[in-house]
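A.B. asks: This is start.cif, which holds mmCIF, C-alpha atoms:
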data_query
#
loop_
_atom_site.label_atom_id
_atom_site.label_comp_id
_atom_site.auth_asym_id
_atom_site.auth_seq_id
_atom_site.Cartn_x
_atom_site.Cartn_y
_atom_site.Cartn_z
CA MET C 27 63.92 99.27 93.24
CA THR C 28 65.72 102.28 91.89
CA THR C 29 64.81 104.41 88.91
CA ILE C 30 67.76 105.03 86.64
CA LYS C 31 68.20 107.21 83.59
CA MET C 32 70.95 107.05 81.03
CA THR C 33 71.66 107.82 77.41
CA VAL C 34 71.92 104.64 75.39
CA ASN C 35 72.99 104.88 71.76
CA GLY C 36 72.10 108.56 71.76
CA LYS C 37 68.62 108.10 73.18
CA SER C 38 67.51 108.94 76.68
CA CYS C 39 66.33 105.78 78.46
CA SER C 40 65.04 105.06 81.91
CA GLY C 41 63.96 102.04 83.86
CA GLU C 42 63.26 100.69 87.29
CA VAL C 43 65.74 98.08 88.47
CA GLU C 44 66.77 96.18 91.55
CA ASP C 45 70.12 97.52 92.78
CA ARG C 46 71.78 94.16 92.08
CA VAL C 47 70.89 94.14 88.36
CA LEU C 48 73.94 94.19 86.11
CA LEU C 49 74.23 96.70 83.30
CA ALA C 50 74.35 93.80 80.78
CA ASN C 51 70.99 92.53 82.02
CA PHE C 52 69.47 96.00 82.06
CA LEU C 53 70.49 96.52 78.42
CA ARG C 54 69.22 93.11 77.34
CA ASP C 55 66.11 92.64 79.47
CA ASN C 56 64.82 96.18 80.00
CA LEU C 57 65.92 97.82 76.76
CA ASN C 58 65.80 94.69 74.54
CA LEU C 59 69.31 95.46 73.26
CA THR C 60 70.30 91.81 72.95
CA GLY C 61 73.36 92.52 70.81
CA THR C 62 75.32 92.77 74.05
CA HIS C 63 76.11 89.13 74.83
CA VAL C 64 76.72 87.53 78.20
CA GLY C 65 79.30 84.84 77.53
CA CYS C 66 80.96 83.73 80.73
CA ASP C 67 79.21 85.88 83.34
CA THR C 68 82.48 85.77 85.30
CA SER C 69 84.13 88.95 83.96
CA GLN C 70 86.57 87.09 81.75
CA CYS C 71 85.28 86.79 78.18
CA GLY C 72 84.41 90.38 77.27
CA ALA C 73 81.42 89.46 75.06
CA CYS C 74 79.40 91.96 77.10
CA THR C 75 81.74 94.89 76.36
CA VAL C 76 80.00 98.24 75.86
CA HIS C 77 81.20 101.83 76.09
CA VAL C 78 80.35 103.84 79.20
CA ASP C 79 81.28 107.50 78.90
CA GLY C 80 83.55 106.63 76.01
CA ARG C 81 85.49 103.79 77.67
CA ALA C 82 85.15 100.05 77.00
CA ILE C 83 83.91 98.16 80.04
CA LYS C 84 82.46 94.72 80.77
CA SER C 85 78.77 95.32 81.34
CA CYS C 86 78.47 92.07 83.32
CA THR C 87 80.79 93.60 85.92
CA MET C 88 79.06 96.91 86.44
CA LEU C 89 75.75 97.49 88.16
CA ALA C 90 73.03 99.16 86.12
CA VAL C 91 72.61 101.69 88.95
CA GLN C 92 76.28 102.64 88.54
CA ALA C 93 75.51 103.71 84.97
CA ASP C 94 72.81 106.13 86.14
CA GLY C 95 73.42 109.36 84.21
CA ALA C 96 76.05 107.80 81.95
CA ASP C 97 76.39 107.82 78.19
CA VAL C 98 76.29 104.19 77.04
CA VAL C 99 76.97 102.86 73.55
CA THR C 100 76.23 99.24 72.62
CA ILE C 101 76.88 97.33 69.41
CA GLU C 102 73.45 98.50 68.18
CA GLY C 103 74.61 102.12 68.37
CA LEU C 104 77.84 101.87 66.38
CA ALA C 105 76.46 102.12 62.83
CA LYS C 106 75.53 105.67 61.85
CA ASN C 107 72.81 106.43 59.28
CA GLY C 108 72.90 102.91 57.92
CA LYS C 109 76.68 102.97 57.50
CA LEU C 110 78.65 100.37 59.43
CA HIS C 111 81.32 101.56 61.88
CA PRO C 112 84.83 100.87 60.51
CA ALA C 113 85.25 98.10 63.10
CA GLN C 114 82.05 96.41 61.92
CA GLN C 115 83.03 96.84 58.27
CA ALA C 116 86.50 95.41 58.94
CA PHE C 117 85.20 92.37 60.85
CA THR C 118 82.92 91.64 57.88
CA GLU C 119 85.67 92.09 55.27
CA CYS C 120 88.25 90.04 57.14
CA HIS C 121 85.83 87.30 58.18
CA ALA C 122 86.92 87.90 61.74
CA LEU C 123 84.37 85.54 63.24
CA GLN C 124 83.10 82.02 63.11
CA CYS C 125 80.15 81.54 65.46
CA GLY C 126 79.89 85.27 66.10
CA PHE C 127 79.07 85.09 69.79
CA CYS C 128 82.13 87.06 70.94
CA THR C 129 81.87 89.51 68.02
CA PRO C 130 79.84 92.33 69.61
CA GLY C 131 82.38 92.54 72.44
CA MET C 132 85.34 92.23 70.06
CA ILE C 133 83.96 95.06 67.93
CA MET C 134 83.25 97.34 70.91
CA THR C 135 86.78 96.77 72.22
CA THR C 136 88.22 97.36 68.74
CA ALA C 137 86.30 100.62 68.36
CA ALA C 138 87.69 101.82 71.70
CA LEU C 139 91.20 100.58 70.89
CA ILE C 140 91.51 102.45 67.59
CA LYS C 141 90.08 105.59 69.15
CA ASP C 142 92.93 105.52 71.74
CA ASN C 143 95.55 104.27 69.31
CA PRO C 144 94.80 105.00 65.64
CA LYS C 145 97.78 102.98 64.35
CA PRO C 146 98.15 99.94 66.61
CA SER C 147 100.94 97.39 66.05
CA ASP C 148 100.19 93.65 66.15
CA ASP C 149 101.51 93.56 69.71
CA GLU C 150 99.34 96.47 70.77
CA ILE C 151 96.31 94.80 69.19
CA VAL C 152 96.91 91.50 70.97
CA HIS C 153 97.51 93.34 74.25
CA GLY C 154 94.42 95.47 73.59
CA LEU C 155 92.20 92.43 73.05
CA GLU C 156 93.34 90.66 76.22
CA GLY C 157 89.92 91.13 77.77
CA ASN C 158 88.06 89.41 74.94
CA LEU C 159 87.97 85.67 74.35
CA CYS C 160 87.05 83.89 71.12
CA ARG C 161 86.40 80.17 71.59
CA CYS C 162 86.42 79.45 67.84
CA THR C 163 90.12 80.46 67.95
CA GLY C 164 89.63 83.04 65.27
CA TYR C 165 92.24 85.45 66.63
CA LEU C 166 94.35 85.72 63.46
CA ASN C 167 91.52 87.21 61.44
CA ILE C 168 90.45 89.32 64.40
CA VAL C 169 93.90 90.92 64.55
CA LYS C 170 93.73 91.50 60.77
CA ALA C 171 90.31 93.09 61.22
CA VAL C 172 91.54 95.48 63.90
CA LYS C 173 94.31 96.61 61.56
CA ARG C 174 91.80 97.02 58.75
CA ALA C 175 89.47 98.95 61.07
CA ALA C 176 92.32 101.33 61.85
CA GLU C 177 92.91 101.85 58.10
CA LEU C 178 89.21 102.42 57.46
CA SER C 179 89.08 104.98 60.26
CA LYS C 180 91.72 107.23 58.71
CA MET B 10 73.81 87.97 93.72
CA PHE B 11 72.11 88.46 97.05
CA ALA B 12 70.07 91.64 97.29
CA PHE B 13 71.67 94.79 98.69
CA GLN B 14 71.02 98.49 98.75
CA TYR B 15 73.21 100.67 96.55
CA ARG B 16 74.08 104.19 97.62
CA LYS B 17 76.35 106.66 95.91
CA ALA B 18 78.36 108.66 98.43
CA LYS B 19 78.77 112.32 97.56
CA THR B 20 81.60 113.07 99.98
CA LEU B 21 84.18 111.11 101.93
CA LYS B 22 82.40 112.10 105.15
CA ASP B 23 79.17 110.72 103.75
CA ALA B 24 80.77 107.38 102.86
CA VAL B 25 82.56 107.02 106.18
CA GLU B 26 79.40 107.81 108.15
CA ILE B 27 77.33 105.19 106.34
CA LEU B 28 80.08 102.59 106.73
CA ALA B 29 80.47 103.40 110.44
CA LYS B 30 76.77 102.83 111.07
CA ASP B 31 76.54 99.53 109.22
CA ASP B 32 79.14 96.77 109.77
CA GLU B 33 77.74 94.81 106.86
CA ALA B 34 78.03 97.64 104.33
CA LYS B 35 80.91 97.52 101.85
CA PRO B 36 82.57 100.31 99.88
CA LEU B 37 82.41 99.85 96.10
CA SER B 38 85.25 101.32 94.08
CA GLY B 39 85.97 99.87 90.62
CA GLY B 40 84.19 96.67 91.59
CA MET B 41 86.56 94.50 89.57
CA THR B 42 86.90 92.05 92.46
CA LEU B 43 83.83 92.90 94.51
CA ILE B 44 81.23 92.48 91.75
CA PRO B 45 82.50 89.03 90.64
CA THR B 46 82.58 88.08 94.36
CA LEU B 47 78.96 89.18 94.75
CA LYS B 48 77.96 87.33 91.60
CA ALA B 49 79.46 84.14 93.03
CA ARG B 50 77.46 84.77 96.24
CA LEU B 51 80.68 84.79 98.24
CA ALA B 52 79.68 88.04 99.95
CA ASN B 53 76.35 89.25 101.23
CA PRO B 54 76.62 92.95 102.12
CA THR B 55 73.61 94.95 103.24
CA GLN B 56 74.69 98.03 101.32
CA LEU B 57 77.21 98.94 98.66
CA ILE B 58 78.55 102.44 99.11
CA ASP B 59 79.82 103.67 95.76
CA ILE B 60 82.87 105.86 96.40
CA ASN B 61 83.48 106.77 92.75
CA GLY B 62 83.05 110.43 92.08
CA ILE B 63 84.12 111.56 95.57
CA SER B 64 86.41 114.50 94.84
CA GLU B 65 88.74 113.84 97.84
CA LEU B 66 89.63 110.46 96.30
CA SER B 67 90.72 111.80 92.92
CA GLY B 68 93.71 113.64 91.55
CA ILE B 69 97.31 112.98 90.60
CA GLU B 70 100.11 115.36 91.63
CA VAL B 71 103.78 115.54 92.53
CA LYS B 72 104.38 117.23 95.84
CA ASP B 73 107.35 117.29 98.24
CA GLY B 74 109.25 114.58 96.38
CA ALA B 75 106.31 112.18 96.18
CA LEU B 76 103.77 111.19 93.57
CA ILE B 77 100.36 111.39 95.20
CA ILE B 78 97.47 109.55 93.60
CA GLY B 79 93.84 109.60 94.72
CA ALA B 80 92.42 106.21 95.72
CA ALA B 81 89.62 106.24 93.14
CA THR B 82 92.04 106.81 90.25
CA LYS B 83 91.54 104.17 87.61
CA HIS B 84 94.41 102.02 86.32
CA HIS B 85 93.93 103.49 82.83
CA GLU B 86 94.39 107.01 84.23
CA VAL B 87 97.59 106.03 86.06
CA ALA B 88 98.89 104.27 82.94
CA THR B 89 98.30 107.26 80.67
CA SER B 90 98.76 110.25 83.02
CA LYS B 91 101.55 112.53 81.86
CA VAL B 92 102.36 113.38 85.47
CA VAL B 93 102.86 109.69 86.33
CA ARG B 94 104.74 108.91 83.11
CA ASP B 95 107.16 111.77 83.77
CA ALA B 96 107.63 111.30 87.51
CA LEU B 97 107.42 107.54 87.97
CA PRO B 98 107.28 105.73 84.60
CA ALA B 99 107.62 102.31 86.28
CA LEU B 100 104.26 102.84 87.99
CA ALA B 101 102.57 103.88 84.72
CA ASP B 102 104.05 100.78 83.10
CA LEU B 103 102.82 98.57 85.94
CA ALA B 104 99.31 100.03 85.66
CA SER B 105 99.26 99.51 81.89
CA HIS B 106 99.68 95.75 82.40
CA ILE B 107 96.98 95.17 85.01
CA GLY B 108 94.26 92.77 83.86
CA ASP B 109 92.89 93.89 80.51
CA PRO B 110 91.70 97.21 79.01
CA GLN B 111 88.15 96.85 80.33
CA VAL B 112 89.45 96.14 83.84
CA ARG B 113 91.83 99.11 83.65
CA ASN B 114 88.92 101.36 82.70
CA ARG B 115 87.08 100.50 85.94
CA GLY B 116 89.57 99.18 88.51
CA THR B 117 91.14 101.64 90.94
CA LEU B 118 94.42 102.06 92.81
CA GLY B 119 92.74 102.21 96.21
CA GLY B 120 90.52 99.23 95.49
CA SER B 121 93.47 97.09 94.45
CA VAL B 122 95.61 98.05 97.45
CA ALA B 123 92.74 97.67 99.95
CA ASN B 124 91.83 94.28 98.52
CA ASN B 125 95.47 93.10 98.71
CA ASP B 126 95.08 90.18 96.36
CA PRO B 127 98.33 88.21 96.70
CA ALA B 128 98.72 88.33 92.89
CA ALA B 129 97.83 92.01 92.42
CA ASP B 130 100.43 94.30 90.85
CA TYR B 131 100.08 97.52 92.85
CA PRO B 132 101.12 96.15 96.27
CA SER B 133 104.62 95.51 94.87
CA ALA B 134 105.00 99.19 93.94
CA VAL B 135 103.55 100.33 97.28
CA LEU B 136 106.00 98.17 99.26
CA GLY B 137 108.88 98.58 96.79
CA LEU B 138 108.68 102.37 96.97
CA ASN B 139 107.91 102.44 100.69
CA ALA B 140 104.75 104.39 99.94
CA LYS B 141 102.44 105.94 102.51
CA ILE B 142 98.79 104.94 102.55
CA ILE B 143 96.70 107.89 103.64
CA THR B 144 93.27 106.97 104.97
CA ASN B 145 90.41 109.01 106.40
CA LYS B 146 91.95 108.35 109.84
CA ARG B 147 95.74 108.20 109.57
CA GLU B 148 98.85 107.53 107.51
CA ILE B 149 100.06 103.95 107.28
CA ALA B 150 103.55 102.96 106.13
CA ALA B 151 103.63 100.28 103.44
CA GLU B 152 105.61 98.02 105.80
CA ASP B 153 102.74 98.06 108.29
CA PHE B 154 99.91 97.93 105.77
CA PHE B 155 100.02 94.51 104.09
CA LEU B 156 99.20 91.70 106.51
CA GLY B 157 99.11 88.69 104.19
CA MET B 158 96.52 87.24 101.85
CA PHE B 159 93.67 89.75 101.38
CA ALA B 160 94.50 91.23 104.80
CA THR B 161 95.53 94.81 105.50
CA ALA B 162 95.86 97.17 108.44
CA LEU B 163 92.63 98.92 107.41
CA GLU B 164 90.05 98.96 110.17
CA PRO B 165 86.33 98.56 109.55
CA GLY B 166 85.01 101.78 108.04
CA GLU B 167 88.50 103.03 107.18
CA LEU B 168 88.97 104.09 103.56
CA ILE B 169 92.13 104.75 101.59
CA VAL B 170 92.02 108.38 100.46
CA ARG B 171 95.30 108.59 98.57
CA ILE B 172 98.68 106.96 98.30
CA ALA B 173 101.97 108.88 98.34
CA PHE B 174 104.81 107.21 96.45
CA PRO B 175 108.21 108.76 97.32
CA LEU B 176 109.96 109.34 94.00
CA PRO B 177 112.87 106.92 93.51
CA LYS B 178 116.00 107.63 91.52
CA LYS B 179 114.92 104.82 89.25
CA ALA B 180 112.47 101.94 89.37
CA ALA B 181 111.33 99.03 87.22
CA TYR B 182 108.65 96.35 87.36
CA ALA B 183 108.65 93.00 85.61
CA LYS B 184 105.95 90.38 85.84
CA PHE B 185 105.03 87.04 84.44
CA PRO B 186 101.27 87.38 83.99
CA HIS B 187 98.94 84.44 84.28
CA PRO B 188 97.99 83.97 80.62
CA ALA B 189 94.23 84.00 81.28
CA SER B 190 93.74 86.51 84.09
CA GLY B 191 96.74 88.81 83.71
CA TYR B 192 97.39 88.51 87.45
CA ALA B 193 101.04 88.16 88.42
CA MET B 194 102.29 84.58 88.70
CA ALA B 195 105.33 86.50 89.92
CA GLY B 196 105.94 90.22 89.73
CA VAL B 197 109.00 92.07 91.00
CA PHE B 198 109.29 95.79 91.63
CA ILE B 199 112.82 97.14 92.15
CA ALA B 200 113.37 100.70 93.31
CA GLN B 201 116.56 102.67 93.86
CA THR B 202 115.40 104.87 96.72
CA ALA B 203 117.11 107.45 98.91
CA SER B 204 117.35 104.82 101.66
CA GLY B 205 118.71 102.09 99.40
CA ILE B 206 117.55 99.44 97.00
CA ARG B 207 114.23 97.76 97.65
CA VAL B 208 112.93 94.63 95.97
CA ALA B 209 109.26 93.72 96.42
CA VAL B 210 107.78 90.47 95.15
CA THR B 211 104.08 89.91 94.43
CA GLY B 212 102.19 86.92 93.05
CA ALA B 213 104.61 84.31 94.31
CA GLY B 214 103.72 84.25 97.99
CA PRO B 215 100.63 84.64 100.18
CA GLY B 216 101.19 88.39 100.07
CA VAL B 217 103.70 90.93 98.83
CA PHE B 218 107.12 90.69 100.53
CA ARG B 219 110.64 92.12 100.30
CA TRP B 220 113.43 89.92 99.04
CA THR B 221 116.27 91.16 101.20
CA GLU B 222 119.02 88.92 99.73
CA ALA B 223 118.29 90.39 96.31
CA GLU B 224 118.39 93.90 97.80
CA GLN B 225 121.86 93.22 99.24
CA ALA B 226 123.12 91.70 95.99
CA LEU B 227 121.81 94.59 93.90
CA THR B 228 123.30 97.12 96.31
CA LYS B 229 126.74 95.71 95.45
CA SER B 230 125.99 95.74 91.74
CA MET B 231 122.78 96.75 89.94
CA SER B 232 122.85 94.10 87.26
CA ALA B 233 121.12 90.93 86.22
CA ALA B 234 124.35 89.02 86.94
CA ALA B 235 124.25 90.05 90.60
CA LEU B 236 121.19 87.82 91.11
CA GLU B 237 122.56 84.80 89.28
CA LYS B 238 123.68 82.83 92.35
CA LEU B 239 120.62 83.67 94.48
CA THR B 240 117.73 81.30 95.12
CA LEU B 241 114.50 82.61 96.58
CA ALA B 242 113.40 80.32 99.44
CA ALA B 243 110.33 78.46 98.19
CA ASP B 244 108.98 77.19 101.55
CA ASP B 245 106.40 79.93 102.06
CA LEU B 246 105.43 80.49 98.43
CA ASN B 247 102.11 79.63 96.77
CA GLU B 248 101.51 76.28 95.17
CA ASP B 249 98.44 75.63 93.01
CA ILE B 250 97.37 74.17 89.66
CA HIS B 251 99.29 76.93 87.88
CA GLY B 252 102.67 76.09 89.34
CA THR B 253 104.68 74.63 92.21
CA ARG B 254 106.33 76.84 94.83
CA GLU B 255 109.75 76.03 93.37
CA TYR B 256 108.52 77.15 89.94
CA ARG B 257 107.26 80.41 91.44
CA ALA B 258 110.59 80.96 93.22
CA GLN B 259 112.36 80.58 89.90
CA LEU B 260 109.85 82.85 88.12
CA ALA B 261 110.34 85.53 90.78
CA LYS B 262 114.10 85.33 90.28
CA VAL B 263 113.73 85.65 86.50
CA MET B 264 111.41 88.65 86.92
CA ALA B 265 113.89 90.23 89.37
CA THR B 266 116.62 89.68 86.81
CA ARG B 267 114.57 91.40 84.11
CA ALA B 268 113.77 94.37 86.33
CA ALA B 269 117.42 94.64 87.40
CA ALA B 270 118.53 94.51 83.75
CA ALA B 271 116.16 97.38 82.98
CA LEU B 272 117.85 99.43 85.73
CA ALA B 273 121.44 98.47 84.99
#
As C-alpha cells - that is how I would like this structure written.

C.D. replies:
Amino acid sequence: MTTIKMTVNGKSCSGEVEDRVLLANFLRDNLNLTGTHVGCDTSQCGACTVHVDGRAIKSCTMLAVQADGADVVTIEGLAKNGKLHPAQQAFTECHALQCGFCTPGMIMTTAALIKDNPKPSDDEIVHGLEGNLCRCTGYLNIVKAVKRAAELSK
Amino acid sequence: MFAFQYRKAKTLKDAVEILAKDDEAKPLSGGMTLIPTLKARLANPTQLIDINGISELSGIEVKDGALIIGAATKHHEVATSKVVRDALPALADLASHIGDPQVRNRGTLGGSVANNDPAADYPSAVLGLNAKIITNKREIAAEDFFLGMFATALEPGELIVRIAFPLPKKAAYAKFPHPASGYAMAGVFIAQTASGIRVAVTGAGPGVFRWTEAEQALTKSMSAAALEKLTLAADDLNEDIHGTREYRAQLAKVMATRAAAALA
C-alpha cells in the first residue's frame, strides 16, 4: 500500500492505495467522486476522462500512484460557485446527450479542447473528440454543444 | 491487474539500476500500451519503474543538423512544439494524429518506439529519417533497431534516452487510421534526405519496412504519378479482420501517393 496525496477539484486529498489501483477507481471508490464513469475499462471510450495538471487523460489508463502530487479536476469540479462551466451549460442547451453515461467524459474533453483551441472548426471538434465514444449516437448534438461551449467561453 | 510494486525513478541511473537488478521489472513511460496490457493480465511484472519526470529523458532541441527529442516527451508536446513545427513539421503532424487527445497527453516518443507496435506511427518517421536511437548504453541506427513485431534491438535494462532525427530537406507522412483505434492500417513516411529519398511503411506489415521500389521511382520523379505503376508485394503483409494483405498493399500505395503529392 502506498499513501498518495493530490489536489482534487481544488481540495487536498490523500488516501492509501494498492499500487495497481487506477486513478478512476481511486476517484470513485476512495473519494466517492462517482461522476467519473468507467465505460469500457479498455482505454477506448473516454467516459473516465479527467484533467491531470490541466490536460485531459483517461483515468482508467493511469495509476492512482502516478497522480501523486498532481492537480486533478473531475466533472464535479467544473462548476464554480453554483455556475455551470460553459461546456456543461452547452451540453444542457444543445441536448447533447441521451443516456448520459459518456457525458462526464465528453464534457471534460470539451473543456480541455476549447481551452487549447477557443474557436474549433467542425473538423477540429470531431478530431478532438476521437477519444470519446457515445453509444446513443448523439454525436451531432455533441458537436453543436462543443461549438456552443466555445461561444459561451468568450 | 496482477499486483506489482510501483517506483518512481528520480534519475536515469536510478531507473537503470533497478531494472538491472530485477529481470521482471518493467519501465513505465506513458503507459498507453503497458497499462491496458496489465489490465488484461497479459503481463505480470514485479515492479513498474516510472521514468516520467527524469530530466535526462526530456527536452527538444535542434543540434548539428538533427532534431533531438527526449524519450519521455509526450506526443502532444511533439505535435505542438514550435521547435518541431519549424524544423520538422512532418513529425509534428504525425504526432498530432496518434491515437486521440487523451492518448497524446500521456503517450511518449520513447515508449512508442521501444514498444514497436507494427501499427504505430513513430517507427515510420524513425526509419524514414534514418534516425539514431540513443540509449543509456549506445547509439543504434534505425536500420538496426526494429526487429519485427514488438521486437527491437533494446537489451534487457536498456532504455531509450533520446532520438536524433537528421533534418531532411522535406518530409511528409500520410496514414489511413483504423477508425476506432487511430492506429495506422497503413502509414507512409517519405523523406528527402541528404543520402536520397526514403520511404518507410508502417501498419501494413509485421513491422516498419522500407519500400525500395517506391524510393527508386520517387528518385526519378517526386510525384504521385511516379508510383502509379508500382504494386507493393502483399506476401508478407498483415491480414486480419480489418483487411486482407492485398487491401493493405493497396492502402500503403495510396498513402505513399498522398505523401508524395504533398512533397511534389

A.B. asks: The PyMOL selection byres ((chain B) within 9 of (chain C)) on the file shown: which residues, as a list in words?

C.D. replies: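 With the PyMOL selection byres ((chain B) within 9 of (chain C)) on this model, the match is Met10, Phe11, Ala12, Phe13, Gln14, Tyr15, Lys17, Gly39, Gly40, Met41, Ile44, Pro45, Lys48, Ala49, Asp59, His106, Gly108, Asp109, Pro110, Gln111, Val112, Arg113, Asn114, Arg115, Ala189, Ser190 and Gly191 of chain B.
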
A.B. asks: What is the distance, in Å and to one decimal place, between CA of Thr89 (chain B) and CA of Ala200 (chain B)?

C.D. replies: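 If I compute the distance from CA of Thr89 (chain B) to CA of Ala200 (chain B), I get 20.7 Å.
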
A.B. asks: So what do you get for CA of Ala96 (chain B) versus CA of Tyr182 (chain B), distance-wise?

C.D. replies: 15.0 Å

A.B. asks: Mind giving me the straight-line distance from CA of Leu37 (chain B) to CA of Thr62 (chain C) in Å, one decimal?

C.D. replies: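 Between CA of Leu37 (chain B) and CA of Thr62 (chain C) the gap works out to 24.2 Å.
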
A.B. asks: Using the chain letters and numbers from this file, what does the PyMOL selection byres ((chain C and resi 113-116) around 6) select? Give the answer as a ChimeraX atom specification.

C.D. replies: /C:110-112,117-120,133,137,171,174-175

A.B. asks: Any chance you could work out the residue set of the PyMOL selection byres ((chain B and resi 67) around 7) here, as a PyMOL selection string?

C.D. replies: chain B and resi 64-66+68+79-82

A.B. asks: Taking all atoms listed in the file into account, name the residue in C:Leu59, C:Val43, C:Cys162, C:Val169 that is nearest to Asp94 (chain C).

C.D. replies: C:Val43

A.B. asks: May I have the residues within 9 Å of Pro146 (chain C) as a ChimeraX atom specification, using all atoms listed in the file and disregarding those fewer than 6 positions away in the same chain?

C.D. replies: /C:139-140,172-173,176
